[in-house]
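Asker: So I've got this file, run-v2.pdb, and it contains PDB, C-alpha atoms:
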MODEL        1
ATOM      1  CA  MET A 259     -28.625 -27.226  18.651
ATOM      2  CA  SER A 260     -26.228 -24.265  18.531
ATOM      3  CA  ALA A 261     -25.508 -22.384  15.317
ATOM      4  CA  ILE A 262     -22.341 -22.804  13.302
ATOM      5  CA  ARG A 263     -19.888 -20.069  14.334
ATOM      6  CA  ILE A 264     -18.722 -18.315  11.159
ATOM      7  CA  ASP A 265     -15.023 -17.706  11.711
ATOM      8  CA  GLY A 266     -14.251 -14.425   9.968
ATOM      9  CA  LYS A 267     -10.778 -14.319  11.475
ATOM     10  CA  ALA A 268      -9.761 -17.589   9.806
ATOM     11  CA  PHE A 269     -11.338 -16.618   6.459
ATOM     12  CA  ALA A 270      -9.618 -13.215   6.572
ATOM     13  CA  ALA A 271      -6.260 -14.889   7.237
ATOM     14  CA  ARG A 272      -6.694 -17.028   4.111
ATOM     15  CA  LEU A 273      -7.676 -13.973   2.070
ATOM     16  CA  ARG A 274      -4.692 -11.958   3.307
ATOM     17  CA  GLU A 275      -2.348 -14.848   2.485
ATOM     18  CA  GLN A 276      -3.629 -15.053  -1.073
ATOM     19  CA  VAL A 277      -3.474 -11.272  -1.488
ATOM     20  CA  GLY A 278       0.137 -11.383  -0.308
ATOM     21  CA  GLU A 279       0.993 -14.027  -2.910
ATOM     22  CA  ARG A 280      -0.716 -12.066  -5.710
ATOM     23  CA  ALA A 281       1.048  -8.906  -4.515
ATOM     24  CA  LEU A 282       4.410 -10.585  -5.129
ATOM     25  CA  ASP A 283       3.218 -11.509  -8.627
ATOM     26  CA  PHE A 284       2.215  -7.874  -9.166
ATOM     27  CA  THR A 285       5.662  -6.661  -8.129
ATOM     28  CA  LYS A 286       7.280  -9.072 -10.598
ATOM     29  CA  GLY A 287       5.000  -7.899 -13.388
ATOM     30  CA  SER A 288       5.141  -4.164 -12.725
ATOM     31  CA  GLY A 289       8.524  -3.584 -11.095
ATOM     32  CA  ARG A 290       7.004  -1.946  -8.035
ATOM     33  CA  LYS A 291       4.882  -2.776  -5.010
ATOM     34  CA  ALA A 292       1.161  -2.074  -4.912
ATOM     35  CA  GLY A 293       0.694   0.966  -2.662
ATOM     36  CA  LEU A 294      -1.974   2.006  -0.151
ATOM     37  CA  ALA A 295      -2.039   5.556   1.227
ATOM     38  CA  VAL A 296      -3.961   6.152   4.450
ATOM     39  CA  VAL A 297      -4.739   9.702   5.570
ATOM     40  CA  LEU A 298      -5.433  10.417   9.248
ATOM     41  CA  VAL A 299      -6.515  13.867  10.417
ATOM     42  CA  GLY A 300      -6.482  14.613  14.129
ATOM     43  CA  GLU A 301      -5.865  12.580  17.258
ATOM     44  CA  ASP A 302      -8.902  10.286  17.508
ATOM     45  CA  PRO A 303      -7.586   7.255  19.475
ATOM     46  CA  ALA A 304      -9.733   4.656  17.690
ATOM     47  CA  SER A 305      -8.744   6.011  14.288
ATOM     48  CA  GLN A 306      -5.068   5.927  15.270
ATOM     49  CA  VAL A 307      -5.393   2.235  16.171
ATOM     50  CA  TYR A 308      -7.154   1.486  12.876
ATOM     51  CA  VAL A 309      -4.524   3.303  10.831
ATOM     52  CA  ARG A 310      -1.689   1.503  12.620
ATOM     53  CA  SER A 311      -3.262  -1.900  12.051
ATOM     54  CA  LYS A 312      -3.938  -1.123   8.382
ATOM     55  CA  GLY A 313      -0.319  -0.079   7.881
ATOM     56  CA  LYS A 314       1.017  -3.284   9.453
ATOM     57  CA  ALA A 315      -1.387  -5.442   7.440
ATOM     58  CA  THR A 316      -0.405  -3.696   4.194
ATOM     59  CA  VAL A 317       3.302  -4.338   4.730
ATOM     60  CA  ALA A 318       2.605  -7.953   5.787
ATOM     61  CA  ALA A 319       0.761  -8.430   2.466
ATOM     62  CA  ASN A 320       3.875  -7.403   0.489
ATOM     63  CA  MET A 321       2.521  -3.977  -0.400
ATOM     64  CA  ALA A 322       3.790  -0.459   0.273
ATOM     65  CA  SER A 323       2.139   1.545   3.044
ATOM     66  CA  PHE A 324       2.071   5.351   2.933
ATOM     67  CA  GLU A 325       0.732   7.024   6.072
ATOM     68  CA  HIS A 326      -0.122  10.719   6.136
ATOM     69  CA  LYS A 327      -0.901  12.043   9.624
ATOM     70  CA  LEU A 328      -2.232  15.588   9.698
ATOM     71  CA  PRO A 329      -3.095  17.823  12.670
ATOM     72  CA  ASP A 330      -6.721  18.519  13.502
ATOM     73  CA  THR A 331      -6.098  22.133  12.441
ATOM     74  CA  THR A 332      -5.745  20.985   8.819
ATOM     75  CA  THR A 333      -7.956  23.020   6.484
ATOM     76  CA  GLN A 334     -10.285  21.699   3.808
ATOM     77  CA  ALA A 335      -7.999  23.086   1.109
ATOM     78  CA  GLU A 336      -4.919  21.431   2.625
ATOM     79  CA  LEU A 337      -6.618  18.056   2.875
ATOM     80  CA  GLU A 338      -7.984  18.229  -0.655
ATOM     81  CA  ALA A 339      -4.535  19.219  -1.929
ATOM     82  CA  LEU A 340      -3.083  16.066  -0.326
ATOM     83  CA  VAL A 341      -5.781  13.926  -1.958
ATOM     84  CA  ASP A 342      -4.958  15.532  -5.325
ATOM     85  CA  GLN A 343      -1.274  14.765  -4.760
ATOM     86  CA  LEU A 344      -2.054  11.112  -3.998
ATOM     87  CA  ASN A 345      -4.358  10.873  -7.016
ATOM     88  CA  ASN A 346      -1.417  11.906  -9.195
ATOM     89  CA  ASP A 347       1.168   9.673  -7.507
ATOM     90  CA  PRO A 348       1.799   6.560  -9.672
ATOM     91  CA  THR A 349       3.137   4.605  -6.668
ATOM     92  CA  VAL A 350      -0.223   4.938  -4.866
ATOM     93  CA  ASP A 351      -2.956   2.539  -5.994
ATOM     94  CA  GLY A 352      -5.410   2.989  -3.145
ATOM     95  CA  ILE A 353      -6.380   6.036  -1.065
ATOM     96  CA  LEU A 354      -8.203   5.723   2.217
ATOM     97  CA  VAL A 355      -9.148   8.815   4.216
ATOM     98  CA  GLN A 356      -9.838   7.619   7.752
ATOM     99  CA  LEU A 357     -13.315   8.677   8.893
ATOM    100  CA  PRO A 358     -14.675  10.431  10.865
ATOM    101  CA  LEU A 359     -12.887  13.670  10.077
ATOM    102  CA  PRO A 360     -12.846  16.619  12.505
ATOM    103  CA  ASP A 361     -16.132  18.525  12.491
ATOM    104  CA  HIS A 362     -14.840  21.530  10.524
ATOM    105  CA  LEU A 363     -14.035  19.370   7.485
ATOM    106  CA  ASP A 364     -16.502  18.327   4.761
ATOM    107  CA  GLU A 365     -16.186  14.545   4.580
ATOM    108  CA  GLN A 366     -18.232  14.081   1.430
ATOM    109  CA  ALA A 367     -16.243  16.699  -0.478
ATOM    110  CA  VAL A 368     -13.007  14.927   0.494
ATOM    111  CA  VAL A 369     -14.326  11.499  -0.504
ATOM    112  CA  ASP A 370     -15.626  12.908  -3.812
ATOM    113  CA  ARG A 371     -12.110  14.164  -4.517
ATOM    114  CA  ILE A 372     -10.591  10.661  -4.522
ATOM    115  CA  SER A 373      -9.971   9.198  -7.968
ATOM    116  CA  PRO A 374     -12.460   6.325  -8.537
ATOM    117  CA  SER A 375      -9.560   4.148  -9.712
ATOM    118  CA  LYS A 376      -7.981   4.527  -6.244
ATOM    119  CA  ASP A 377     -11.204   4.500  -4.191
ATOM    120  CA  VAL A 378     -10.475   1.349  -2.174
ATOM    121  CA  ASP A 379     -13.252   2.219   0.289
ATOM    122  CA  GLY A 380     -15.775   2.212  -2.588
ATOM    123  CA  LEU A 381     -17.446   5.423  -1.397
ATOM    124  CA  THR A 382     -17.135   7.872  -4.289
ATOM    125  CA  PRO A 383     -20.241   8.588  -6.387
ATOM    126  CA  VAL A 384     -18.638   6.784  -9.344
ATOM    127  CA  SER A 385     -17.955   3.640  -7.282
ATOM    128  CA  THR A 386     -21.461   3.746  -5.812
ATOM    129  CA  GLY A 387     -22.984   4.210  -9.262
ATOM    130  CA  ARG A 388     -21.001   1.356 -10.784
ATOM    131  CA  LEU A 389     -22.161  -0.963  -7.997
ATOM    132  CA  ALA A 390     -25.784   0.062  -8.571
ATOM    133  CA  LEU A 391     -25.413  -0.574 -12.309
ATOM    134  CA  GLY A 392     -23.740  -3.961 -11.782
ATOM    135  CA  LEU A 393     -20.485  -2.787 -13.364
ATOM    136  CA  ASN A 394     -16.957  -3.629 -12.252
ATOM    137  CA  GLY A 395     -15.707  -1.235  -9.619
ATOM    138  CA  LEU A 396     -14.277  -1.011  -6.133
ATOM    139  CA  VAL A 397     -16.814  -2.080  -3.499
ATOM    140  CA  PRO A 398     -16.999  -1.034   0.184
ATOM    141  CA  CYS A 399     -14.903  -3.418   2.249
ATOM    142  CA  THR A 400     -17.290  -4.465   5.026
ATOM    143  CA  PRO A 401     -20.222  -5.413   2.754
ATOM    144  CA  LEU A 402     -17.950  -7.285   0.346
ATOM    145  CA  GLY A 403     -16.360  -9.151   3.245
ATOM    146  CA  SER A 404     -19.806 -10.027   4.556
ATOM    147  CA  LEU A 405     -20.836 -11.346   1.142
ATOM    148  CA  MET A 406     -17.711 -13.509   1.006
ATOM    149  CA  LEU A 407     -18.605 -15.056   4.371
ATOM    150  CA  LEU A 408     -22.184 -15.694   3.207
ATOM    151  CA  LYS A 409     -21.086 -17.386  -0.018
ATOM    152  CA  ASP A 410     -18.523 -19.457   1.859
ATOM    153  CA  GLN A 411     -21.239 -20.625   4.256
ATOM    154  CA  LEU A 412     -24.208 -21.005   1.903
ATOM    155  CA  GLY A 413     -22.793 -21.285  -1.616
ATOM    156  CA  ASP A 414     -25.384 -20.018  -4.110
ATOM    157  CA  LEU A 415     -27.573 -17.259  -2.627
ATOM    158  CA  SER A 416     -30.109 -17.309  -5.487
ATOM    159  CA  GLY A 417     -33.697 -17.049  -4.344
ATOM    160  CA  LEU A 418     -32.921 -16.666  -0.643
ATOM    161  CA  ASN A 419     -34.766 -13.992   1.322
ATOM    162  CA  ALA A 420     -32.311 -11.495   2.812
ATOM    163  CA  VAL A 421     -33.043  -8.682   5.253
ATOM    164  CA  VAL A 422     -30.452  -5.940   5.755
ATOM    165  CA  ILE A 423     -31.093  -3.961   8.934
ATOM    166  CA  GLY A 424     -29.575  -0.534   8.362
ATOM    167  CA  ARG A 425     -29.384   1.743   5.333
ATOM    168  CA  SER A 426     -26.029   3.500   5.675
ATOM    169  CA  ILE A 427     -23.904   4.274   2.633
ATOM    170  CA  LEU A 428     -21.031   2.422   4.312
ATOM    171  CA  VAL A 429     -22.781  -0.905   4.855
ATOM    172  CA  GLY A 430     -26.549  -1.148   4.465
ATOM    173  CA  LYS A 431     -27.081   0.127   0.925
ATOM    174  CA  PRO A 432     -24.039  -1.531  -0.702
ATOM    175  CA  MET A 433     -24.782  -4.763   1.187
ATOM    176  CA  ALA A 434     -28.280  -4.821  -0.264
ATOM    177  CA  GLN A 435     -26.922  -4.196  -3.758
ATOM    178  CA  LEU A 436     -24.377  -7.010  -3.467
ATOM    179  CA  LEU A 437     -27.083  -9.407  -2.299
ATOM    180  CA  LEU A 438     -29.299  -8.362  -5.213
ATOM    181  CA  ASP A 439     -26.415  -8.993  -7.594
ATOM    182  CA  ALA A 440     -26.126 -12.478  -6.026
ATOM    183  CA  ASN A 441     -29.817 -13.030  -6.934
ATOM    184  CA  ALA A 442     -31.155 -12.910  -3.384
ATOM    185  CA  THR A 443     -34.519 -11.262  -2.701
ATOM    186  CA  VAL A 444     -33.637  -8.259  -0.548
ATOM    187  CA  THR A 445     -35.462  -6.107   1.987
ATOM    188  CA  ILE A 446     -33.758  -3.086   3.545
ATOM    189  CA  ALA A 447     -35.138  -2.487   7.036
ATOM    190  CA  HIS A 448     -34.412   0.487   9.286
ATOM    191  CA  SER A 449     -35.561   2.468  12.304
ATOM    192  CA  ARG A 450     -38.919   3.319  10.720
ATOM    193  CA  THR A 451     -39.757  -0.176   9.505
ATOM    194  CA  LYS A 452     -43.098  -1.300  10.924
ATOM    195  CA  ASP A 453     -43.032  -4.547  12.919
ATOM    196  CA  LEU A 454     -39.307  -5.021  12.379
ATOM    197  CA  PRO A 455     -39.116  -8.384  14.214
ATOM    198  CA  ASP A 456     -41.751  -9.833  11.875
ATOM    199  CA  VAL A 457     -39.876  -8.569   8.806
ATOM    200  CA  VAL A 458     -36.620 -10.114  10.054
ATOM    201  CA  ARG A 459     -38.349 -13.398  10.926
ATOM    202  CA  ARG A 460     -39.056 -14.055   7.240
ATOM    203  CA  ALA A 461     -35.363 -13.910   6.275
ATOM    204  CA  ASP A 462     -33.038 -16.751   5.348
ATOM    205  CA  ILE A 463     -30.172 -14.228   5.632
ATOM    206  CA  VAL A 464     -30.023 -11.432   8.202
ATOM    207  CA  VAL A 465     -27.359  -8.711   8.024
ATOM    208  CA  ALA A 466     -27.471  -6.472  11.103
ATOM    209  CA  ALA A 467     -25.748  -3.096  10.678
ATOM    210  CA  VAL A 468     -27.503  -0.558  12.889
ATOM    211  CA  GLY A 469     -25.058   0.162  15.720
ATOM    212  CA  ARG A 470     -27.436  -0.787  18.548
ATOM    213  CA  ALA A 471     -26.052  -3.288  21.028
ATOM    214  CA  GLU A 472     -27.782  -6.698  20.945
ATOM    215  CA  MET A 473     -30.913  -5.282  19.334
ATOM    216  CA  VAL A 474     -31.738  -8.395  17.296
ATOM    217  CA  LYS A 475     -33.134 -11.059  19.624
ATOM    218  CA  ALA A 476     -33.519 -14.800  19.138
ATOM    219  CA  GLU A 477     -37.287 -14.536  18.653
ATOM    220  CA  TRP A 478     -36.685 -12.220  15.680
ATOM    221  CA  LEU A 479     -34.981 -15.000  13.729
ATOM    222  CA  LYS A 480     -36.292 -17.698  11.447
ATOM    223  CA  PRO A 481     -34.941 -21.065  12.659
ATOM    224  CA  GLY A 482     -31.849 -21.935  10.640
ATOM    225  CA  ALA A 483     -31.237 -18.405   9.340
ATOM    226  CA  THR A 484     -27.698 -17.258   8.568
ATOM    227  CA  VAL A 485     -26.836 -14.128  10.548
ATOM    228  CA  ILE A 486     -24.079 -11.649   9.695
ATOM    229  CA  ASP A 487     -23.516  -9.219  12.574
ATOM    230  CA  VAL A 488     -21.740  -6.088  11.361
ATOM    231  CA  GLY A 489     -22.279  -4.126  14.574
ATOM    232  CA  ILE A 490     -19.557  -3.462  17.113
ATOM    233  CA  ASN A 491     -20.650  -1.832  20.351
ATOM    234  CA  ARG A 492     -18.966  -1.512  23.726
ATOM    235  CA  LEU A 493     -21.203  -2.100  26.717
ATOM    236  CA  PRO A 494     -20.765  -0.101  29.946
ATOM    237  CA  PRO A 495     -18.080  -1.683  32.155
ATOM    238  CA  GLU A 496     -19.185  -4.050  34.875
ATOM    239  CA  PRO A 497     -18.189  -3.218  38.470
ATOM    240  CA  GLY A 498     -14.420  -3.520  38.863
ATOM    241  CA  ALA A 499     -13.750  -3.694  35.096
ATOM    242  CA  ASP A 500     -11.799  -1.078  33.138
ATOM    243  CA  LYS A 501     -13.776  -1.522  29.919
ATOM    244  CA  GLY A 502     -17.095  -2.993  28.923
ATOM    245  CA  ARG A 503     -17.157  -6.001  26.622
ATOM    246  CA  LEU A 504     -17.640  -5.735  22.873
ATOM    247  CA  VAL A 505     -20.919  -6.990  21.451
ATOM    248  CA  GLY A 506     -22.643  -6.843  18.092
ATOM    249  CA  ASP A 507     -26.108  -5.753  17.009
ATOM    250  CA  VAL A 508     -27.340  -9.321  17.594
ATOM    251  CA  ALA A 509     -27.815 -10.962  21.004
ATOM    252  CA  TYR A 510     -25.274 -13.649  20.147
ATOM    253  CA  GLU A 511     -25.819 -16.233  22.880
ATOM    254  CA  GLU A 512     -29.567 -16.502  22.484
ATOM    255  CA  ALA A 513     -29.487 -16.050  18.693
ATOM    256  CA  SER A 514     -27.052 -18.962  18.441
ATOM    257  CA  GLU A 515     -29.785 -21.266  19.699
ATOM    258  CA  VAL A 516     -32.040 -20.379  16.739
ATOM    259  CA  ALA A 517     -29.775 -19.430  13.819
ATOM    260  CA  GLY A 518     -28.173 -21.974  11.537
ATOM    261  CA  ALA A 519     -24.920 -19.979  11.328
ATOM    262  CA  ILE A 520     -23.813 -16.687  12.873
ATOM    263  CA  THR A 521     -20.775 -14.408  13.017
ATOM    264  CA  PRO A 522     -19.398 -13.596  16.466
ATOM    265  CA  VAL A 523     -18.337 -10.156  17.680
ATOM    266  CA  PRO A 524     -15.400  -9.809  17.803
ATOM    267  CA  GLY A 525     -13.890 -12.274  15.315
ATOM    268  CA  GLY A 526     -16.563 -12.235  12.636
ATOM    269  CA  VAL A 527     -16.954  -9.422  10.121
ATOM    270  CA  GLY A 528     -14.298  -7.150  11.674
ATOM    271  CA  PRO A 529     -11.207  -9.021  10.432
ATOM    272  CA  MET A 530     -12.732  -9.195   6.952
ATOM    273  CA  THR A 531     -12.789  -5.420   6.563
ATOM    274  CA  ILE A 532      -9.003  -4.969   6.542
ATOM    275  CA  ALA A 533      -8.513  -8.150   4.483
ATOM    276  CA  VAL A 534     -10.888  -6.828   1.795
ATOM    277  CA  LEU A 535      -9.198  -3.419   1.928
ATOM    278  CA  LEU A 536      -5.951  -5.172   0.988
ATOM    279  CA  ARG A 537      -7.764  -7.112  -1.733
ATOM    280  CA  ASN A 538      -9.252  -3.896  -3.129
ATOM    281  CA  THR A 539      -5.839  -2.215  -3.144
ATOM    282  CA  LEU A 540      -4.376  -5.112  -5.090
ATOM    283  CA  VAL A 541      -7.268  -5.123  -7.576
ATOM    284  CA  ALA A 542      -6.777  -1.370  -8.068
ATOM    285  CA  ALA A 543      -3.036  -1.855  -8.582
ATOM    286  CA  TYR A 544      -3.529  -4.454 -11.307
ATOM    287  CA  ARG A 545      -6.112  -2.276 -13.046
ATOM    288  CA  ASN A 546      -3.968   0.859 -12.755
ATOM    289  CA  GLU A 547      -1.066  -0.973 -14.443
ATOM    290  CA  GLY A 548      -3.306  -2.610 -17.059
ATOM    291  CA  LEU A 549      -2.348  -6.080 -15.831
ATOM    292  CA  GLU A 550      -4.572  -9.155 -15.557
ATOM    293  CA  MET A 551      -5.094 -10.492 -12.044
ATOM    294  CA  THR A 552      -5.934 -14.156 -11.548
ATOM    295  CA  GLU A 553      -8.980 -14.801  -9.387
ATOM    296  CA  LEU A 554      -8.560 -15.440  -5.682
ATOM    297  CA  THR A 555      -9.674 -18.978  -4.776
ATOM    298  CA  LEU A 556     -11.055 -18.982  -1.254
TER     299      LEU A 556
ENDMDL
END
Will you turn the file into structure tokens for me?

Answerer:
Amino acid sequence: MSAIRIDGKAFAARLREQVGERALDFTKGSGRKAGLAVVLVGEDPASQVYVRSKGKATVAANMASFEHKLPDTTTQAELEALVDQLNNDPTVDGILVQLPLPDHLDEQAVVDRISPSKDVDGLTPVSTGRLALGLNGLVPCTPLGSLMLLKDQLGDLSGLNAVVIGRSILVGKPMAQLLLDANATVTIAHSRTKDLPDVVRRADIVVAAVGRAEMVKAEWLKPGATVIDVGINRLPPEPGADKGRLVGDVAYEEASEVAGAITPVPGGVGPMTIAVLLRNTLVAAYRNEGLEMTELTL
């Protein structure tokens, strides 16, 4: 029996619709639109695509989009000055600096410069600390989107065994914290974990976020496990093809024969990331104006 296909695209569409409705309420209450500023440094093609799609999604959700495109010759001081300017701009509720930055720039110093109240990526030390302490704050978009999909699929996560494969600050560590906050029992696995397949096989929930194409095989999974595949990898092109196909960190076809539910790649976690970015921007806007935001009902 094949696994349930967790449709992140459909869930993200519902989330974006609700964010758009709440954004109109915000405009009525505050007299302005919630605003997201995205900063792009350099000419990285993938980053340009991401920034374009984020801008379109922001406008579609009834919010203001501010794009700042800087040349790859931009200095650290110039970039930090722009972040300071955005921190002080009352029309900007969220600031996202598109990563990676060119090699000559200090990414962490730039991220640290963002005001925690506008840190819609949830990456500043204050945001990270608040998550670790279980306090209200802005949470990284991909892990929060993954948690939403898990709760939608499973309901209460209390007592379930969860394994997060990967320990990055972007996904692995915040994902583990969110699962702990949901009362799951969490193991963080990584490249140095001994007998990784055996560790994964004990999990009711598997979150794969390592960036290795189709690493997690069917025999790694406990029958009926729920699998969230955060990875996105492009395989080498087959003969006659311009581009290789996109795959996740999980071998989807074979894993689908063992798992109870699984996210596809593409169409799983990916669409959730931008949807949660919009949600975070709206949450920040309400907080920045001292307004009460009604809960989203998904």

Asker: Using the chain letters and numbering of this document, enumerate as JSON, numbers by chain the residues selected by the PyMOL selection byres ((chain A and resi 481-488) around 7).

Answerer: {"A": [404, 461, 462, 463, 464, 465, 466, 467, 479, 480, 489, 490, 506, 507, 508, 516, 517, 518, 519, 520, 521, 527]}

Asker: Separation of atom CA of Met551 of chain A and atom CA of Phe284 of chain A, in Å?

Answerer: 8.3 Å

Asker: Extract, using only C-alpha atoms, all DNA, RNA and protein residues at most 12 Å from Glu553 of chain A, discarding same-chain residues fewer than 2 positions from it, and format them as a list in words.

Answerer: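 The residues that qualify are Leu273, Gln276, Val277, Glu279, Arg280, Arg537, Leu540, Val541, Tyr544, Glu550, Met551, Thr555 and Leu556 of chain A.
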
Asker: What's the 7 Å shell around segment 292-304 of chain A, counting only C-alpha atoms, without same-chain residues fewer than 6 positions away, as a ChimeraX atom specification?

Answerer: /A:281,321-330,349-356,359-360,539-540,543

Asker: Atom CA of Pro522 of chain A and atom CA of Ala261 of chain A, how far apart in Å?

Answerer: 10.8 Å

Asker: Enter the distance from atom CA of Ala339 of chain A to atom CA of Arg371 of chain A, in Å, rounded to one decimal.

Answerer: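 Going from atom CA of Ala339 of chain A over to atom CA of Arg371 of chain A, I get 9.5 Å.
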
Asker: Find the residue from A:Ser375, A:Gly403, A:Thr316, A:Gln366 that sits nearest to Asn345 of chain A; use all atoms listed in the file when measuring.

Answerer: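 Smallest separation from Asn345 of chain A among the options: A:Ser375.
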
Asker: Taking 3 positions as the minimum chain separation for residues in the same chain, which residues sit within 9 Å of Gln435 of chain A when counting all atoms listed in the file? Answer as an mmCIF file with C-alpha atoms, in the coordinates of the input.

Answerer:
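Once everything was written out, this is result.cif:
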data_model
loop_
_atom_site.group_PDB
_atom_site.id
_atom_site.type_symbol
_atom_site.label_atom_id
_atom_site.label_comp_id
_atom_site.auth_asym_id
_atom_site.auth_seq_id
_atom_site.Cartn_x
_atom_site.Cartn_y
_atom_site.Cartn_z
ATOM 1 C CA LEU A 389 -22.161 -0.963 -7.997
ATOM 2 C CA ALA A 390 -25.784 0.062 -8.571
ATOM 3 C CA GLY A 392 -23.740 -3.961 -11.782
ATOM 4 C CA GLY A 430 -26.549 -1.148 4.465
ATOM 5 C CA LYS A 431 -27.081 0.127 0.925
ATOM 6 C CA PRO A 432 -24.039 -1.531 -0.702
ATOM 7 C CA LEU A 438 -29.299 -8.362 -5.213
ATOM 8 C CA ASP A 439 -26.415 -8.993 -7.594
ATOM 9 C CA ALA A 440 -26.126 -12.478 -6.026
ATOM 10 C CA VAL A 444 -33.637 -8.259 -0.548
#

Asker: Would you list the contacts of Gly278 of chain A as a PyMOL selection string, taking every protein, DNA or RNA residue within 8 Å and counting only C-alpha atoms, but skipping same-chain residues closer than 4 positions in sequence?

Answerer: chain A and resi 274+282+318-321

Asker: Please save C-alpha atoms of the selected residues as a PDB file, in the coordinates of the input.

Answerer:
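Heads up, here's the output in out.pdb:
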ATOM      1  CA  ARG A 274      -4.692 -11.958   3.307  1.00  0.00           C
ATOM      2  CA  LEU A 282       4.410 -10.585  -5.129  1.00  0.00           C
ATOM      3  CA  ALA A 318       2.605  -7.953   5.787  1.00  0.00           C
ATOM      4  CA  ALA A 319       0.761  -8.430   2.466  1.00  0.00           C
ATOM      5  CA  ASN A 320       3.875  -7.403   0.489  1.00  0.00           C
ATOM      6  CA  MET A 321       2.521  -3.977  -0.400  1.00  0.00           C
TER       7      MET A 321
END

Asker: Which of these, A:Asp456, A:Glu512, A:Asp379, A:Asp500, has the shortest distance to Thr531 of chain A once you count all atoms listed in the file?

Answerer: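 Among the listed residues, A:Asp379 lies closest to Thr531 of chain A.
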
Asker: Could you give me, as an NGL selection string, the residues within 10 Å of Val505 of chain A, counting all atoms listed in the file and dropping anything in the same chain fewer than 4 positions from it?

Answerer: :A and (470-472 or 487 or 489-493 or 509-510 or 522-524)

Asker: From the options A:Gly289, A:Gly266, A:Gly469, A:Pro348, which residue's atoms come nearest to Val429 of chain A, counting all atoms listed in the file?

Answerer: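 With all atoms listed in the file as the atom set, the closest residue is A:Gly469.
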
Asker: Output as JSON the centre and edge lengths (Å, one decimal) of the box along x, y and z of the file that holds every listed atom of segment 407-423 of chain A after adding 8 Å on each side.

Answerer:
{"center_x": -26.6, "center_y": -12.6, "center_z": 1.7, "size_x": 32.2, "size_y": 33.3, "size_z": 30.4}

Asker: Step by step: start from the point (-27.4, -16.3, -1.5) in the file's coordinates, keep every protein, DNA or RNA residue that has an atom no farther than 7 Å from it, count only C-alpha atoms, and write the set as number ranges by chain.

Answerer: A: 409, 412-418, 437, 440-442

Asker: For segment 466-470 of chain A, write all heavy atoms out as a compact mmCIF listing (two decimals), in the first residue's frame.

Answerer:
# COMPACT_ATOMS: atom_id res chain seq x y z
N ALA A 466 14.07 14.78 6.87
CA ALA A 466 15.36 14.66 6.18
C ALA A 466 15.77 16.02 5.65
O ALA A 466 15.07 16.61 4.83
CB ALA A 466 15.26 13.66 5.05
N ALA A 467 16.91 16.52 6.13
CA ALA A 467 17.38 17.86 5.74
C ALA A 467 18.90 17.86 5.69
O ALA A 467 19.57 18.55 6.45
CB ALA A 467 16.88 18.91 6.72
N VAL A 468 19.46 17.07 4.77
CA VAL A 468 20.91 16.92 4.69
C VAL A 468 21.50 17.38 3.37
O VAL A 468 22.69 17.61 3.26
CB VAL A 468 21.34 15.46 4.95
CG1 VAL A 468 21.26 15.11 6.40
CG2 VAL A 468 20.54 14.49 4.11
N GLY A 469 20.67 17.50 2.32
CA GLY A 469 21.18 17.94 1.03
C GLY A 469 21.93 16.86 0.27
O GLY A 469 22.82 17.16 -0.52
N ARG A 470 21.56 15.60 0.49
CA ARG A 470 22.15 14.49 -0.27
C ARG A 470 21.03 13.75 -0.99
O ARG A 470 20.12 13.21 -0.35
CB ARG A 470 22.90 13.53 0.66
CG ARG A 470 24.18 14.14 1.22
CD ARG A 470 24.93 13.17 2.11
NE ARG A 470 25.28 11.96 1.41
CZ ARG A 470 25.83 10.88 2.00
NH1 ARG A 470 26.06 10.92 3.31
NH2 ARG A 470 26.12 9.82 1.31
